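Q: Before I ask anything, let me first share the structure, which is written out below as structure tokens.
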Amino acid sequence: RMSVERSSSRVGRFPSVTLGFENETEKENENPTENNAQKENACSRWWRKVCPCCCPKRNDNNTTDTMITGIGDLDKDDGINENKPVDGNSELDGTTSISHIFVFTEHLLKVKSIDLLKSKSGENRTEHHTNLYQSDDLIIRRGQSFQMWITLSRPFNPSTDKLHLELKTGPLPSVSKETHVLIPLVEELEDNRWEAAVVTNKDKKLKLSVNSPPTAVIGRYQLTVETSCANGPATSKHDPANDIYMLFNPWCEDDVVFMDSEDERKEYILNDVGRIYYGTQDQIGVRTWNYGQFDNGILAACLFILEKSGTPPSGWGEPVNVVRIISAMINSPDDHGVLEGNWSGDYSNGTSPTAWSSSVQILKEYYENKGTPVKYGQCWVFAGIFTTVLRCLGIPSRTVTNFNSVHDTDVSLTVDVYLDENLESIDNLNTDSVWNFHVWNDCWMARPDLPPGNGGWQAVDATPQETSQGTYCCGPASLAAVRNGQVYLKHDCPFVFAEVNSDKIYWQRNVNGTFSQIHSEKKIVGHCISTKAVGSDERSDITNLYKYPEGTEEERIAVETACHYGSKSYAYSPPTAEDVSIEVTVDGEGPKMGEDGKLTITLRNSSSQQRTVDLHSQTTVMYYTGVCKATIKTDKVLEWSLEYKDYKDQLVDHAALMLTLLGRVKETQQVLAKQFSFRLRTPDLIIKPIGKAVVGEKMAVEISFTNPLPQVLKAVIFHVEGLGLVAARKINYGDIGSCASVSLTEHFAPTLPGPRKLLASLECKQLTNVHGVTNITVEENSISPQNIPFRLSLKKQLVS
């Protein structure tokens, strides 16, 4: 900036000018091109001639805006004597004399281009398992980092320049609703949050690594980059070619749709061709179905379905919400969804349901016609499309067929047949039906909204049969809840339970108009529940996931438990008494890792009569999210115990298990049910400080550990860190023998005084969740603290 001074003398034609950098002797020789000369007026040429450093020629590589003030009434039509020397004392016109001018030069940091590394064979697409999508867009999965290049107008200076990314999705992006995301630039990325870090800073180019949380909203994001420097901020223009498509991530352990089997991920996410079963339980037919979730335009169609639902995108990060939205949007009632159902036999106005063999044509037609329902579909077509959309968005899914499938219309959880006094059917009352087969879907997710043990496979259905909360949709209903008759859990467990395990009850009308139960059939519903096997075209029977074996005590308990919540609970004889209770307790601190475990099961009889109980137990390995991994033991004894061999090859992180007890009191028919979650305790790391803790002076700690398992721990790594004590360190220890005790010593020099905590943890595949902590009080140094670099000394010691 220059000061501006005016004088009253008006002598020359142009004002006298004194510049603020008169001592500079070198002047750049400007030779504007003919085109530029035509565009410049006389004043511009004159000022550039006088001082080219203050009024440089514009070019595309260095954007410079110059503003000159303090000159009035310049005649742009008048010529300039370019040979006449000009100095600070010149008098040109006699109109104005100026001793200084004001010059402002703007050097903004601007984004020239963005490269999202979108190639299907590139690192982003392959590492995110999206290389199969036939699209040139950047398609990524949440909870995982991706790379991008940004080209700037000049080199990026981390000490003076700032940069952050902005992502927006939905019609009204909001920071509070996580649909407007501000991604800061940080030194080092951390998990479970939106962040970006510079990987490469070269010339005018930055390579960023960008991280997203495993709970991020899915959908299409608009990307812009905002920069700022001393001269102000700048924001890049939105380019649709740089939009980012975010999907669910079953490869990410922290995503609720995580599936730990690679074979199952290949089948239920990456396989784009499947098998759908139909017919009867004795004559099962099969047809091949093209899901085509990676076909060009299918991802856009799937996101269009979500957008057309009118639901807020802020809810699209939760798979329970997403599957309910899609369940409703695939059928046409309520919301003009994808497919119109037709069971009339007249398909002259559209395509017969049996003619379809692919989801691709249907979804593309719906998208291209801007949301006009396609004609026509029946259950297997609805289910085939549902599988396509779920797999496309990243939710593991499969198509499921149930033979002898009930459509329960009155939430009785039974198939009710009404007869008159002459045993003739009363047609207007007989609204329940049993389909030869019905096709729906299973999708995989944790269910943190339900009690533990109800994650995993969930039944969802897009065929419009009954409304759920006022909309034609169904699910997700936990298969574990359905199997145990826990129909009070959301969503739509009663309807799914009735489909697979309801009894058929016959009612006869009495003379007074009431009805009496005259007969029941218990084994006619829910047979040969089928889906395509993992990795082959064989049929896999998954009936056991939906119900206990027909006629077993567990199955009868599940039916009566469920029907207790139905509209005809009186169809089953209520217990004559409910005087027996069941309780499960942990002995001491509970079962320990590597050892046999015991829990105490206590039955109490509050009556004066003898009671006999037939009790069944089931022990399952659980993920911390509540998803059941495997059943490791079933038994019919009152005392429960668990041996190491039962669980040693099945445990996952946190070593969580669940004991399920089901029983019936013989004398009263009272049903007993109990679920009890527990974990196998792992040993702690013992940390013992050695020596006095003083700022800047070396001290040591000893870390001790005993392997609780009767097997070798392979490639053990110790992690140690403490604020003000020692920066995070990773110690590659090696193998630790079966039941062996080890110790290691670490030396370091504290850097901060006061109470401190030293943390340590152990990492290996065979044993997880092992850690320890100790308190260390660091004293001030009586002399000036010295920057003494700490030295790590590792001593292995095997304790017999």
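Identifiers for the structure tokens are assigned positionally: chains receive A, B, ... in sequence, residues are indexed from 1 per chain, and ligands are indexed from 1 in the order shown.
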When you look at stretch 452-460 of chain A with a cut-off of 6 Å (counting only C-alpha atoms), what residues show up, excluding the ones that are within fewer than 3 positions of it in the same chain? I need them as an MDAnalysis selection string.

A: chainID A and resid 441:447 474:480 626:628

Q: Residues of the last selection are to be written out with all heavy atoms, as a compact mmCIF listing (two decimals), in the first residue's frame.

A:
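The resulting result-v8.txt:
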# COMPACT_ATOMS: atom_id res chain seq x y z
N ASN A 441 -35.85 -61.46 1.31
CA ASN A 441 -34.40 -61.26 1.40
C ASN A 441 -33.91 -61.36 2.84
O ASN A 441 -34.64 -61.05 3.77
CB ASN A 441 -33.98 -59.88 0.87
CG ASN A 441 -34.36 -59.69 -0.58
OD1 ASN A 441 -35.49 -59.37 -0.90
ND2 ASN A 441 -33.40 -59.90 -1.47
N ASP A 442 -32.66 -61.77 2.97
CA ASP A 442 -31.91 -61.59 4.21
C ASP A 442 -30.84 -60.54 3.94
O ASP A 442 -30.22 -60.53 2.87
CB ASP A 442 -31.20 -62.88 4.63
CG ASP A 442 -32.14 -63.91 5.22
OD1 ASP A 442 -33.28 -63.55 5.56
OD2 ASP A 442 -31.73 -65.10 5.32
N CYS A 443 -30.61 -59.66 4.91
CA CYS A 443 -29.48 -58.74 4.83
C CYS A 443 -28.71 -58.82 6.14
O CYS A 443 -29.26 -59.16 7.18
CB CYS A 443 -29.93 -57.31 4.53
SG CYS A 443 -31.01 -56.58 5.77
N TRP A 444 -27.43 -58.49 6.08
CA TRP A 444 -26.53 -58.71 7.22
C TRP A 444 -26.16 -57.38 7.86
O TRP A 444 -25.70 -56.46 7.18
CB TRP A 444 -25.27 -59.43 6.74
CG TRP A 444 -24.26 -59.67 7.82
CD1 TRP A 444 -23.29 -58.83 8.25
CD2 TRP A 444 -24.13 -60.85 8.61
NE1 TRP A 444 -22.56 -59.40 9.26
CE2 TRP A 444 -23.05 -60.64 9.51
CE3 TRP A 444 -24.81 -62.06 8.67
CZ2 TRP A 444 -22.64 -61.61 10.43
CZ3 TRP A 444 -24.40 -63.01 9.58
CH2 TRP A 444 -23.33 -62.80 10.45
N MET A 445 -26.33 -57.28 9.17
CA MET A 445 -25.94 -56.08 9.90
C MET A 445 -25.97 -56.35 11.39
O MET A 445 -26.66 -57.28 11.86
CB MET A 445 -26.88 -54.91 9.58
CG MET A 445 -28.30 -55.10 10.07
SD MET A 445 -29.42 -53.74 9.62
CE MET A 445 -29.58 -53.98 7.86
N ALA A 446 -25.23 -55.55 12.13
CA ALA A 446 -25.37 -55.55 13.58
C ALA A 446 -26.67 -54.84 13.95
O ALA A 446 -27.18 -54.04 13.17
CB ALA A 446 -24.18 -54.85 14.24
N ARG A 447 -27.20 -55.13 15.12
CA ARG A 447 -28.43 -54.48 15.57
C ARG A 447 -28.21 -53.88 16.96
O ARG A 447 -28.67 -54.42 17.97
CB ARG A 447 -29.60 -55.47 15.60
CG ARG A 447 -30.11 -55.90 14.23
CD ARG A 447 -30.62 -54.74 13.38
NE ARG A 447 -31.76 -54.08 13.98
CZ ARG A 447 -33.03 -54.48 13.82
NH1 ARG A 447 -33.31 -55.52 13.06
NH2 ARG A 447 -34.01 -53.80 14.38
N CYS A 474 -41.31 -54.26 5.05
CA CYS A 474 -41.21 -55.30 6.07
C CYS A 474 -39.75 -55.48 6.46
O CYS A 474 -38.88 -55.64 5.60
CB CYS A 474 -41.77 -56.62 5.55
SG CYS A 474 -41.69 -57.98 6.75
N GLY A 475 -39.48 -55.46 7.77
CA GLY A 475 -38.15 -55.71 8.29
C GLY A 475 -37.40 -54.42 8.58
O GLY A 475 -37.95 -53.33 8.44
N PRO A 476 -36.15 -54.58 9.02
CA PRO A 476 -35.41 -55.83 9.21
C PRO A 476 -35.80 -56.55 10.50
O PRO A 476 -35.79 -55.95 11.57
CB PRO A 476 -33.95 -55.37 9.26
CG PRO A 476 -34.02 -53.97 9.80
CD PRO A 476 -35.30 -53.40 9.29
N ALA A 477 -36.14 -57.82 10.37
CA ALA A 477 -36.50 -58.66 11.51
C ALA A 477 -35.35 -59.62 11.78
O ALA A 477 -34.94 -60.38 10.90
CB ALA A 477 -37.79 -59.44 11.21
N SER A 478 -34.84 -59.59 13.00
CA SER A 478 -33.71 -60.44 13.38
C SER A 478 -34.09 -61.91 13.29
O SER A 478 -35.09 -62.34 13.88
CB SER A 478 -33.26 -60.10 14.80
OG SER A 478 -32.42 -61.11 15.32
N LEU A 479 -33.30 -62.70 12.55
CA LEU A 479 -33.58 -64.13 12.47
C LEU A 479 -33.45 -64.80 13.83
O LEU A 479 -34.17 -65.75 14.13
CB LEU A 479 -32.63 -64.79 11.46
CG LEU A 479 -33.17 -64.95 10.04
CD1 LEU A 479 -33.55 -63.61 9.44
CD2 LEU A 479 -32.17 -65.67 9.15
N ALA A 480 -32.52 -64.30 14.65
CA ALA A 480 -32.38 -64.87 16.00
C ALA A 480 -33.65 -64.64 16.81
O ALA A 480 -34.11 -65.52 17.55
CB ALA A 480 -31.17 -64.26 16.70
N GLY A 626 -23.12 -57.58 18.91
CA GLY A 626 -24.33 -58.35 19.14
C GLY A 626 -24.61 -59.38 18.07
O GLY A 626 -25.61 -60.09 18.13
N VAL A 627 -23.71 -59.48 17.09
CA VAL A 627 -23.88 -60.47 16.02
C VAL A 627 -23.35 -61.82 16.49
O VAL A 627 -22.26 -61.92 17.05
CB VAL A 627 -23.13 -60.02 14.75
CG1 VAL A 627 -23.22 -61.08 13.67
CG2 VAL A 627 -23.70 -58.70 14.25
N CYS A 628 -24.14 -62.86 16.26
CA CYS A 628 -23.73 -64.21 16.63
C CYS A 628 -22.80 -64.76 15.55
O CYS A 628 -23.15 -64.76 14.38
CB CYS A 628 -24.96 -65.11 16.78
SG CYS A 628 -24.58 -66.84 17.07

Q: Would you mind listing, for every residue of stretch 636-690 of chain A within 7 Å of stretch 580-604 of chain A, the two atoms forming the shortest contact and the distance between them in Å to one decimal, using only C-alpha atoms, sorted by chain and ascending residue number, as JSON lines?

A:
{"residue": "A:Glu639", "atom": "CA", "partner": "A:Ile601", "partner_atom": "CA", "distance": 6.6}
{"residue": "A:Trp640", "atom": "CA", "partner": "A:Leu599", "partner_atom": "CA", "distance": 6.1}
{"residue": "A:Ser641", "atom": "CA", "partner": "A:Lys598", "partner_atom": "CA", "distance": 4.6}
{"residue": "A:Leu642", "atom": "CA", "partner": "A:Gly597", "partner_atom": "CA", "distance": 4.9}
{"residue": "A:Glu643", "atom": "CA", "partner": "A:Asp596", "partner_atom": "CA", "distance": 4.3}
{"residue": "A:Tyr644", "atom": "CA", "partner": "A:Asp596", "partner_atom": "CA", "distance": 5.3}
{"residue": "A:Phe676", "atom": "CA", "partner": "A:Val584", "partner_atom": "CA", "distance": 6.9}
{"residue": "A:Leu680", "atom": "CA", "partner": "A:Lys592", "partner_atom": "CA", "distance": 4.8}
{"residue": "A:Arg681", "atom": "CA", "partner": "A:Lys592", "partner_atom": "CA", "distance": 4.5}
{"residue": "A:Thr682", "atom": "CA", "partner": "A:Met593", "partner_atom": "CA", "distance": 5.5}

Q: Please produce an output containing all heavy atoms for each residue in the selection, written as a CSV table (one decimal), in the first residue's frame.

A:
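Writing done, so here's result.csv:
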chain,number,residue,atom,x,y,z
A,639,GLU,N,-26.6,-78.1,35.0
A,639,GLU,CA,-25.4,-77.5,35.3
A,639,GLU,C,-24.7,-77.1,34.0
A,639,GLU,O,-24.6,-77.9,33.1
A,639,GLU,CB,-24.5,-78.4,36.1
A,639,GLU,CG,-25.0,-78.6,37.5
A,639,GLU,CD,-24.1,-79.5,38.4
A,639,GLU,OE1,-23.0,-79.9,37.8
A,639,GLU,OE2,-24.4,-79.7,39.5
A,640,TRP,N,-24.1,-75.9,33.9
A,640,TRP,CA,-23.5,-75.5,32.7
A,640,TRP,C,-22.0,-75.3,32.9
A,640,TRP,O,-21.5,-74.8,33.9
A,640,TRP,CB,-24.0,-74.1,32.2
A,640,TRP,CG,-23.4,-73.6,31.0
A,640,TRP,CD1,-23.8,-73.8,29.7
A,640,TRP,CD2,-22.2,-72.8,30.9
A,640,TRP,NE1,-23.0,-73.1,28.8
A,640,TRP,CE2,-22.0,-72.5,29.5
A,640,TRP,CE3,-21.3,-72.2,31.8
A,640,TRP,CZ2,-21.0,-71.7,29.0
A,640,TRP,CZ3,-20.3,-71.5,31.3
A,640,TRP,CH2,-20.1,-71.2,30.0
A,641,SER,N,-21.2,-75.8,31.9
A,641,SER,CA,-19.8,-75.6,32.0
A,641,SER,C,-19.3,-75.5,30.5
A,641,SER,O,-20.0,-76.0,29.6
A,641,SER,CB,-19.0,-76.8,32.7
A,641,SER,OG,-19.3,-78.0,32.0
A,642,LEU,N,-18.1,-75.0,30.4
A,642,LEU,CA,-17.5,-74.7,29.0
A,642,LEU,C,-16.1,-75.1,29.1
A,642,LEU,O,-15.3,-74.6,29.9
A,642,LEU,CB,-17.7,-73.3,28.6
A,642,LEU,CG,-17.3,-72.9,27.2
A,642,LEU,CD1,-18.2,-73.6,26.2
A,642,LEU,CD2,-17.4,-71.4,27.0
A,643,GLU,N,-15.6,-76.0,28.2
A,643,GLU,CA,-14.2,-76.4,28.1
A,643,GLU,C,-13.5,-75.6,27.1
A,643,GLU,O,-14.1,-75.1,26.1
A,643,GLU,CB,-14.1,-77.9,27.8
A,643,GLU,CG,-14.8,-78.8,28.9
A,643,GLU,CD,-14.6,-80.2,28.5
A,643,GLU,OE1,-13.9,-80.5,27.5
A,643,GLU,OE2,-15.2,-81.1,29.2
A,644,TYR,N,-12.2,-75.4,27.3
A,644,TYR,CA,-11.4,-74.6,26.4
A,644,TYR,C,-11.5,-75.1,24.9
A,644,TYR,O,-11.6,-74.3,24.0
A,644,TYR,CB,-9.9,-74.7,26.8
A,644,TYR,CG,-8.9,-74.0,25.9
A,644,TYR,CD1,-8.9,-72.6,25.7
A,644,TYR,CD2,-8.0,-74.7,25.2
A,644,TYR,CE1,-8.1,-72.0,24.8
A,644,TYR,CE2,-7.1,-74.1,24.3
A,644,TYR,CZ,-7.2,-72.8,24.1
A,644,TYR,OH,-6.3,-72.2,23.3
A,676,PHE,N,-28.0,-64.8,28.7
A,676,PHE,CA,-27.0,-64.2,29.6
A,676,PHE,C,-25.7,-64.0,28.8
A,676,PHE,O,-25.2,-64.9,28.3
A,676,PHE,CB,-26.8,-65.1,30.8
A,676,PHE,CG,-25.8,-64.6,31.8
A,676,PHE,CD1,-26.2,-63.6,32.7
A,676,PHE,CD2,-24.5,-65.0,31.8
A,676,PHE,CE1,-25.3,-63.1,33.6
A,676,PHE,CE2,-23.6,-64.5,32.7
A,676,PHE,CZ,-24.0,-63.6,33.6
A,680,LEU,N,-14.9,-64.0,28.4
A,680,LEU,CA,-13.8,-64.7,29.0
A,680,LEU,C,-12.7,-63.7,29.3
A,680,LEU,O,-12.3,-63.0,28.5
A,680,LEU,CB,-13.2,-65.8,28.0
A,680,LEU,CG,-14.2,-66.9,27.6
A,680,LEU,CD1,-13.6,-67.8,26.6
A,680,LEU,CD2,-14.7,-67.7,28.8
A,681,ARG,N,-12.4,-63.6,30.6
A,681,ARG,CA,-11.4,-62.6,31.0
A,681,ARG,C,-10.0,-62.9,30.6
A,681,ARG,O,-9.6,-64.0,30.6
A,681,ARG,CB,-11.5,-62.4,32.6
A,681,ARG,CG,-12.8,-61.9,33.1
A,681,ARG,CD,-12.6,-61.5,34.6
A,681,ARG,NE,-11.6,-60.4,34.7
A,681,ARG,CZ,-10.4,-60.5,35.3
A,681,ARG,NH1,-10.0,-61.7,35.7
A,681,ARG,NH2,-9.7,-59.5,35.4
A,682,THR,N,-9.4,-61.8,30.1
A,682,THR,CA,-8.0,-62.0,29.7
A,682,THR,C,-7.1,-61.4,30.8
A,682,THR,O,-7.5,-60.5,31.5
A,682,THR,CB,-7.7,-61.2,28.4
A,682,THR,OG1,-8.2,-59.9,28.5
A,682,THR,CG2,-8.5,-61.9,27.2

Q: Could you give me the residues within stretch 381-551 of chain A that DSSP places in alpha helix (DSSP H), as a VMD selection string?

A: chain A and resid 381 to 393 479 to 483 493 to 501 543 to 546

Q: Please provide the set of residues having any atom within 6 Å of stretch 504-517 of chain A, restricted to only C-alpha atoms, with same-chain residues fewer than 6 positions apart removed, written as a PDB file with all heavy atoms, in the first residue's frame.

A:
ATOM      1  N   THR A 414     -50.976 -67.047  13.835  1.00  0.00           N
ATOM      2  CA  THR A 414     -51.503 -68.358  13.489  1.00  0.00           C
ATOM      3  C   THR A 414     -52.218 -68.252  12.147  1.00  0.00           C
ATOM      4  O   THR A 414     -52.586 -67.162  11.708  1.00  0.00           O
ATOM      5  CB  THR A 414     -52.512 -68.861  14.540  1.00  0.00           C
ATOM      6  OG1 THR A 414     -53.576 -67.886  14.679  1.00  0.00           O
ATOM      7  CG2 THR A 414     -51.848 -69.071  15.889  1.00  0.00           C
ATOM      8  N   VAL A 415     -52.382 -69.408  11.491  1.00  0.00           N
ATOM      9  CA  VAL A 415     -53.220 -69.474  10.281  1.00  0.00           C
ATOM     10  C   VAL A 415     -54.591 -69.926  10.751  1.00  0.00           C
ATOM     11  O   VAL A 415     -54.761 -71.045  11.238  1.00  0.00           O
ATOM     12  CB  VAL A 415     -52.650 -70.479   9.257  1.00  0.00           C
ATOM     13  CG1 VAL A 415     -53.492 -70.446   7.988  1.00  0.00           C
ATOM     14  CG2 VAL A 415     -51.202 -70.162   8.948  1.00  0.00           C
ATOM     15  N   ASP A 416     -55.560 -69.047  10.631  1.00  0.00           N
ATOM     16  CA  ASP A 416     -56.890 -69.322  11.197  1.00  0.00           C
ATOM     17  C   ASP A 416     -57.870 -69.692  10.091  1.00  0.00           C
ATOM     18  O   ASP A 416     -58.019 -68.966   9.102  1.00  0.00           O
ATOM     19  CB  ASP A 416     -57.389 -68.101  11.952  1.00  0.00           C
ATOM     20  CG  ASP A 416     -56.461 -67.733  13.105  1.00  0.00           C
ATOM     21  OD1 ASP A 416     -56.301 -68.568  14.003  1.00  0.00           O
ATOM     22  OD2 ASP A 416     -55.877 -66.628  13.079  1.00  0.00           O
ATOM     23  N   VAL A 417     -58.521 -70.839  10.293  1.00  0.00           N
ATOM     24  CA  VAL A 417     -59.538 -71.313   9.353  1.00  0.00           C
ATOM     25  C   VAL A 417     -60.868 -71.334  10.109  1.00  0.00           C
ATOM     26  O   VAL A 417     -61.004 -72.033  11.125  1.00  0.00           O
ATOM     27  CB  VAL A 417     -59.204 -72.716   8.819  1.00  0.00           C
ATOM     28  CG1 VAL A 417     -60.294 -73.182   7.866  1.00  0.00           C
ATOM     29  CG2 VAL A 417     -57.844 -72.712   8.126  1.00  0.00           C
ATOM     30  N   TYR A 418     -61.866 -70.579   9.610  1.00  0.00           N
ATOM     31  CA  TYR A 418     -63.166 -70.450  10.281  1.00  0.00           C
ATOM     32  C   TYR A 418     -64.212 -71.284   9.541  1.00  0.00           C
ATOM     33  O   TYR A 418     -64.371 -71.172   8.311  1.00  0.00           O
ATOM     34  CB  TYR A 418     -63.584 -68.979  10.333  1.00  0.00           C
ATOM     35  CG  TYR A 418     -62.694 -68.139  11.225  1.00  0.00           C
ATOM     36  CD1 TYR A 418     -61.594 -67.449  10.710  1.00  0.00           C
ATOM     37  CD2 TYR A 418     -62.952 -68.044  12.592  1.00  0.00           C
ATOM     38  CE1 TYR A 418     -60.776 -66.692  11.530  1.00  0.00           C
ATOM     39  CE2 TYR A 418     -62.134 -67.291  13.423  1.00  0.00           C
ATOM     40  CZ  TYR A 418     -61.048 -66.617  12.885  1.00  0.00           C
ATOM     41  OH  TYR A 418     -60.239 -65.876  13.699  1.00  0.00           O
ATOM     42  N   LEU A 419     -64.928 -72.097  10.327  1.00  0.00           N
ATOM     43  CA  LEU A 419     -65.975 -72.961   9.789  1.00  0.00           C
ATOM     44  C   LEU A 419     -67.291 -72.660  10.484  1.00  0.00           C
ATOM     45  O   LEU A 419     -67.312 -72.242  11.656  1.00  0.00           O
ATOM     46  CB  LEU A 419     -65.611 -74.438   9.998  1.00  0.00           C
ATOM     47  CG  LEU A 419     -64.222 -74.877   9.500  1.00  0.00           C
ATOM     48  CD1 LEU A 419     -63.937 -76.304   9.944  1.00  0.00           C
ATOM     49  CD2 LEU A 419     -64.120 -74.746   7.994  1.00  0.00           C
ATOM     50  N   ASP A 420     -68.390 -72.899   9.774  1.00  0.00           N
ATOM     51  CA  ASP A 420     -69.694 -72.686  10.403  1.00  0.00           C
ATOM     52  C   ASP A 420     -70.129 -73.947  11.148  1.00  0.00           C
ATOM     53  O   ASP A 420     -69.361 -74.891  11.286  1.00  0.00           O
ATOM     54  CB  ASP A 420     -70.728 -72.249   9.368  1.00  0.00           C
ATOM     55  CG  ASP A 420     -70.988 -73.297   8.299  1.00  0.00           C
ATOM     56  OD1 ASP A 420     -70.578 -74.464   8.478  1.00  0.00           O
ATOM     57  OD2 ASP A 420     -71.574 -72.950   7.256  1.00  0.00           O
ATOM     58  N   GLU A 421     -71.386 -73.947  11.560  1.00  0.00           N
ATOM     59  CA  GLU A 421     -71.877 -75.069  12.359  1.00  0.00           C
ATOM     60  C   GLU A 421     -71.864 -76.376  11.583  1.00  0.00           C
ATOM     61  O   GLU A 421     -71.789 -77.469  12.167  1.00  0.00           O
ATOM     62  CB  GLU A 421     -73.305 -74.787  12.835  1.00  0.00           C
ATOM     63  CG  GLU A 421     -73.437 -73.617  13.794  1.00  0.00           C
ATOM     64  CD  GLU A 421     -73.548 -72.277  13.065  1.00  0.00           C
ATOM     65  OE1 GLU A 421     -73.320 -72.246  11.819  1.00  0.00           O
ATOM     66  OE2 GLU A 421     -73.859 -71.266  13.726  1.00  0.00           O
TER      67      GLU A 421
END

Q: Excluding stretch 167-170 of chain A and its own-chain neighbours fewer than 5 positions away, which residues fall within 8 Å of it when counting only C-alpha atoms? Please give them as a PDB file with N, CA, C and O atoms, in the first residue's frame.

A:
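File around.pdb, as written:
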ATOM      1  N   THR A 179     -24.557 -34.027   6.705  1.00  0.00           N
ATOM      2  CA  THR A 179     -24.701 -34.017   5.247  1.00  0.00           C
ATOM      3  C   THR A 179     -23.894 -32.895   4.617  1.00  0.00           C
ATOM      4  O   THR A 179     -23.849 -32.778   3.397  1.00  0.00           O
ATOM      5  N   HIS A 180     -23.319 -32.032   5.431  1.00  0.00           N
ATOM      6  CA  HIS A 180     -22.334 -31.041   4.998  1.00  0.00           C
ATOM      7  C   HIS A 180     -21.090 -31.299   5.837  1.00  0.00           C
ATOM      8  O   HIS A 180     -21.072 -31.027   7.039  1.00  0.00           O
ATOM      9  N   VAL A 181     -20.070 -31.842   5.189  1.00  0.00           N
ATOM     10  CA  VAL A 181     -18.894 -32.318   5.911  1.00  0.00           C
ATOM     11  C   VAL A 181     -17.718 -31.390   5.643  1.00  0.00           C
ATOM     12  O   VAL A 181     -17.389 -31.103   4.484  1.00  0.00           O
ATOM     13  N   LEU A 182     -17.108 -30.899   6.697  1.00  0.00           N
ATOM     14  CA  LEU A 182     -15.888 -30.104   6.606  1.00  0.00           C
ATOM     15  C   LEU A 182     -14.721 -31.007   6.985  1.00  0.00           C
ATOM     16  O   LEU A 182     -14.660 -31.526   8.103  1.00  0.00           O
ATOM     17  N   ILE A 183     -13.789 -31.200   6.072  1.00  0.00           N
ATOM     18  CA  ILE A 183     -12.688 -32.138   6.278  1.00  0.00           C
ATOM     19  C   ILE A 183     -11.405 -31.342   6.492  1.00  0.00           C
ATOM     20  O   ILE A 183     -10.860 -30.767   5.545  1.00  0.00           O
ATOM     21  N   GLY A 219     -24.217 -42.027  -0.142  1.00  0.00           N
ATOM     22  CA  GLY A 219     -24.852 -41.227  -1.180  1.00  0.00           C
ATOM     23  C   GLY A 219     -23.823 -40.518  -2.041  1.00  0.00           C
ATOM     24  O   GLY A 219     -22.626 -40.810  -2.005  1.00  0.00           O
ATOM     25  N   ARG A 220     -24.310 -39.560  -2.808  1.00  0.00           N
ATOM     26  CA  ARG A 220     -23.464 -38.800  -3.741  1.00  0.00           C
ATOM     27  C   ARG A 220     -23.101 -37.456  -3.110  1.00  0.00           C
ATOM     28  O   ARG A 220     -23.978 -36.668  -2.764  1.00  0.00           O
ATOM     29  N   TYR A 221     -21.806 -37.219  -2.975  1.00  0.00           N
ATOM     30  CA  TYR A 221     -21.313 -35.994  -2.358  1.00  0.00           C
ATOM     31  C   TYR A 221     -20.735 -35.057  -3.423  1.00  0.00           C
ATOM     32  O   TYR A 221     -20.010 -35.491  -4.319  1.00  0.00           O
ATOM     33  N   GLN A 222     -21.035 -33.769  -3.287  1.00  0.00           N
ATOM     34  CA  GLN A 222     -20.399 -32.745  -4.102  1.00  0.00           C
ATOM     35  C   GLN A 222     -19.137 -32.273  -3.379  1.00  0.00           C
ATOM     36  O   GLN A 222     -19.180 -31.935  -2.200  1.00  0.00           O
ATOM     37  N   LEU A 223     -18.026 -32.230  -4.112  1.00  0.00           N
ATOM     38  CA  LEU A 223     -16.728 -31.893  -3.528  1.00  0.00           C
ATOM     39  C   LEU A 223     -16.299 -30.491  -3.944  1.00  0.00           C
ATOM     40  O   LEU A 223     -16.348 -30.144  -5.121  1.00  0.00           O
ATOM     41  N   THR A 224     -15.882 -29.692  -2.973  1.00  0.00           N
ATOM     42  CA  THR A 224     -15.197 -28.434  -3.241  1.00  0.00           C
ATOM     43  C   THR A 224     -14.004 -28.346  -2.294  1.00  0.00           C
ATOM     44  O   THR A 224     -13.957 -29.023  -1.260  1.00  0.00           O
ATOM     45  N   PRO A 312     -34.997 -37.892   4.639  1.00  0.00           N
ATOM     46  CA  PRO A 312     -33.811 -37.034   4.789  1.00  0.00           C
ATOM     47  C   PRO A 312     -32.533 -37.842   4.665  1.00  0.00           C
ATOM     48  O   PRO A 312     -32.401 -38.906   5.287  1.00  0.00           O
ATOM     49  N   PRO A 313     -31.561 -37.368   3.890  1.00  0.00           N
ATOM     50  CA  PRO A 313     -30.289 -38.089   3.744  1.00  0.00           C
ATOM     51  C   PRO A 313     -29.538 -38.261   5.059  1.00  0.00           C
ATOM     52  O   PRO A 313     -28.675 -39.122   5.145  1.00  0.00           O
TER      53      PRO A 313
END

Q: Using only C-alpha atoms, find the one residue out of A:Thr200, A:Ser743, A:Ser135, A:Thr561 that sits nearest to A:Pro155.

A: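 Answer, going by the shortest atom-to-atom distance: A:Thr200.
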
Q: Return as a ChimeraX atom specification the full set of residues in stretch 519-666 of chain A whose backbone-based DSSP assignment is strand (DSSP E or B).

A: /A:519-521,527-532,539-541,580-586,592,597-605,613-622,627-635,640-642,656-665
